[in-house]
Amino acid sequence: MSPLLLLLIAVAGVALLLVGVIKFKMPAFIALLLVSILVALAAGIPLQDVAGLITEGMGGTLGSVAVLVGLGAMLGKVIEISGGAQVLSTRFTKLFGPRRVIAALTTAAFLLAIPVFFDVGFIVLVPIIYGFAKALNVSPVKIGLPVGAIMLAIHVVVPPHPGVVGGAEILGADVGWATILGLAFCAPLGVLSYFVAKRINRRDVPMLPETAEQFASFGKSTDEGDTLTKTKAPTSSMVISMILLPIVMIMLGTVGGTLVTAESTEANVLGFVGSPAIALLTTVLVAYYLLGVRSGWSSEQTGKVMDSALAPAAIVILVTGAGGVFGKVLTESGIGTVLAESLSSAGLPIIVMAFVLAAILRASQGSATVAIITTTGLLATAVEAGGFSAVQTALILAAVGFGAFGLSHVNDSGFWIVTRFLGLSVADGLRTWTVLTTVLGVAGFALTSLVYAIVTAAGV
């Protein structure tokens, strides 16, 4: 099938999805599955393979997302109902002042995102975002957008995140230089994220009814027959410890794993301790005791609080999984790869090619990690033959990452996590989250290109 026809199929699929969700108000879960089937058939995927592809796409996404969203939601609920989010937001507001709270939380998100995958970190911070929004009497979107954006920036250009580490291996880039340059570029992007999000949020964006209801009842028990009286309120340091515990565990597994022999007993133990699912499960158990039972709830009451988080989380899980199905169909159809291979013969400078190819792959199949790995694979031969220095190669890798940063839309599981937790409709998500990530991706590439030009001129 010709690249042009595949492109038209992809565009038609996205357009049909948007019309179904925005104009006809179809449930996003149903619309994503239906459009995925239609695109698969139109792209020539055999009829007998379509059902299996849907299962594979759903299972592949939920295998990593469902456990994290479920545990993260339970942790967030017990922090919320125990009063922990309110305590922390009040403490931060007094410490930094109302005008600086969002900037302070964005700065904290920058640091937290370094060792933690984007989806895990954002889910863990959701109750804090809600608590701060309550304290400031604003929509969670005003706080959540800059926080999510800087966390995603870290995710695509700073090791030890999987896309950039895998891309470095393929290109032969120095991980040390990739880390230094990635952090150096993301620091000004954090500032830009704050101001661009502030401009995007000039108008009030209505929240989805189910999220608005959840936000309105934030900090209150969902069980009217349960008084949930507490003898001891959590301290801000205790709440911070609950947030940092999974991050420290993941960091221990990531950093510690590089200091021991691969496949050794120590490496296996650190890998187990540092896996996101184990880290979150451990934190939920600790919170169950410290924020629940020890603070005056019965074991049954604490269990009810945590269970109450699963119903709202189920919507996020299913829609995210369906987004994974759509991305899987686009990947298997070869739409992104065919377009990228056609473009690779255009003769663009390699730094530009790195950004453009990654952006196309990101837009066409959704996953930033897949876009980075695929793009670096397509560029590997040219980079190897180009005789680039270690710094230049790391800058090319950064350009790939920033290409995979923007254009987060309906085929990206991260799009659904952010928009559903912040209560954004698909249309509002495209106007806010998609625009913000794209602006920051372009800005990141501009910084990368400027440094690349200076380094090349200096012969470094």
# chains A, B, ... in the order shown; residues from 1 in each chain; ligands from 1

call {"tool": "residues_around", "arguments": {"residues": "Gly163 (chain A)", "least_positions_apart": "3", "cutoff": "8 Å", "atoms": "only C-alpha atoms", "output": "list in words"}}
result
Val156, Gly166, Gly167, Ala368, Thr369, Val370, Ile372 and Ile373 of chain A

call {"tool": "closest_atom_pairs", "arguments": {"of": "region 49-92 of chain A", "to": "region 239-256 of chain A", "cutoff": "10 Å", "atoms": "only C-alpha atoms", "output": "CSV"}}
result
residue,atom,partner,partner_atom,distance
A:Leu75,CA,A:Met242,CA,8.6
A:Gly76,CA,A:Ile243,CA,9.4
A:Ile79,CA,A:Val239,CA,7.2
A:Ser82,CA,A:Val239,CA,9.9
A:Gly83,CA,A:Val239,CA,9.5
A:Gly84,CA,A:Val239,CA,5.8
A:Ala85,CA,A:Val239,CA,7.5
A:Val87,CA,A:Val239,CA,8.3
A:Leu88,CA,A:Val239,CA,7.0

call {"tool": "residues_around", "arguments": {"residues": "region 41-49 of chain A", "least_positions_apart": "4", "cutoff": "9 Å", "atoms": "only C-alpha atoms", "output": "VMD selection string"}}
result
chain A and resid 1 5 to 6 9 to 10 36 to 37 53 to 54 329 to 330 332 to 335

call {"tool": "residues_around", "arguments": {"residues": "region 202-210 of chain A", "least_positions_apart": "6", "cutoff": "7 Å", "atoms": "only C-alpha atoms", "output": "number ranges by chain"}}
result
A: 423-425

call {"tool": "write_last_selection", "arguments": {"atoms": "N, CA, C and O atoms", "output": "tab-separated table (two decimals), in the first residue's frame"}}
result
chain	number	residue	atom	x	y	z
A	423	GLY	N	-9.87	16.07	34.22
A	423	GLY	CA	-11.26	16.37	33.87
A	423	GLY	C	-11.43	17.08	32.55
A	423	GLY	O	-12.42	17.80	32.35
A	424	LEU	N	-10.51	16.86	31.61
A	424	LEU	CA	-10.60	17.52	30.31
A	424	LEU	C	-11.34	16.66	29.30
A	424	LEU	O	-11.11	15.45	29.22
A	425	SER	N	-12.20	17.28	28.50
A	425	SER	CA	-12.79	16.57	27.38
A	425	SER	C	-11.72	16.38	26.31
A	425	SER	O	-10.62	16.95	26.39

call {"tool": "select_by_dssp", "arguments": {"residues": "region 102-203 of chain A", "states": "helix (DSSP H, G or I)", "output": "ChimeraX atom specification"}}
result
/A:102-112,118-136,140-157,162-171,175-200

call {"tool": "closest_atom_pairs", "arguments": {"of": "region 67-178 of chain A", "to": "region 382-405 of chain A", "cutoff": "12 Å", "atoms": "only C-alpha atoms", "output": "tab-separated table"}}
result
residue	atom	partner	partner_atom	distance
A:Phe118	CA	A:Phe405	CA	11.8
A:Gly148	CA	A:Phe405	CA	11.8
A:Ala149	CA	A:Phe405	CA	9.2
A:Ile150	CA	A:Phe405	CA	10.3
A:Met151	CA	A:Phe405	CA	10.7
A:Leu152	CA	A:Phe405	CA	7.1
A:Ala153	CA	A:Phe405	CA	6.6
A:Ile154	CA	A:Gly401	CA	9.5
A:His155	CA	A:Gly401	CA	8.7
A:Val156	CA	A:Gly401	CA	4.9
A:Val157	CA	A:Gly401	CA	5.2
A:Val158	CA	A:Ala398	CA	8.6
A:Pro159	CA	A:Ala398	CA	10.9
A:His161	CA	A:Gly401	CA	11.0
A:Pro162	CA	A:Gly401	CA	11.3
A:Gly163	CA	A:Gly401	CA	8.0
A:Val164	CA	A:Gly401	CA	6.9
A:Val165	CA	A:Leu397	CA	9.8
A:Gly166	CA	A:Leu397	CA	10.3
A:Gly167	CA	A:Leu397	CA	6.9
A:Ala168	CA	A:Leu397	CA	6.9
A:Glu169	CA	A:Leu397	CA	10.3
A:Ile170	CA	A:Leu397	CA	9.9
A:Leu171	CA	A:Val383	CA	6.8
A:Gly172	CA	A:Thr393	CA	7.8
A:Ala173	CA	A:Ala394	CA	5.4
A:Asp174	CA	A:Ala390	CA	6.3
A:Val175	CA	A:Ala394	CA	7.8
A:Gly176	CA	A:Ala394	CA	9.0
A:Trp177	CA	A:Ala394	CA	6.1
A:Ala178	CA	A:Ala394	CA	5.1

call {"tool": "residues_around", "arguments": {"residues": "Gly327 (chain A)", "least_positions_apart": "6", "cutoff": "8 Å", "atoms": "only C-alpha atoms", "output": "PyMOL selection string"}}
result
chain A and resi 57+364-367+411-412

call {"tool": "closest_residue", "arguments": {"among": "A:Val19, A:Gly190, A:Leu68, A:Phe218", "to": "Ala135 (chain A)", "atoms": "only C-alpha atoms"}}
result
A:Phe218

call {"tool": "atom_distance", "arguments": {"atom1": "CA of Tyr130 (chain A)", "atom2": "CA of Ser295 (chain A)"}}
result
21.9 Å
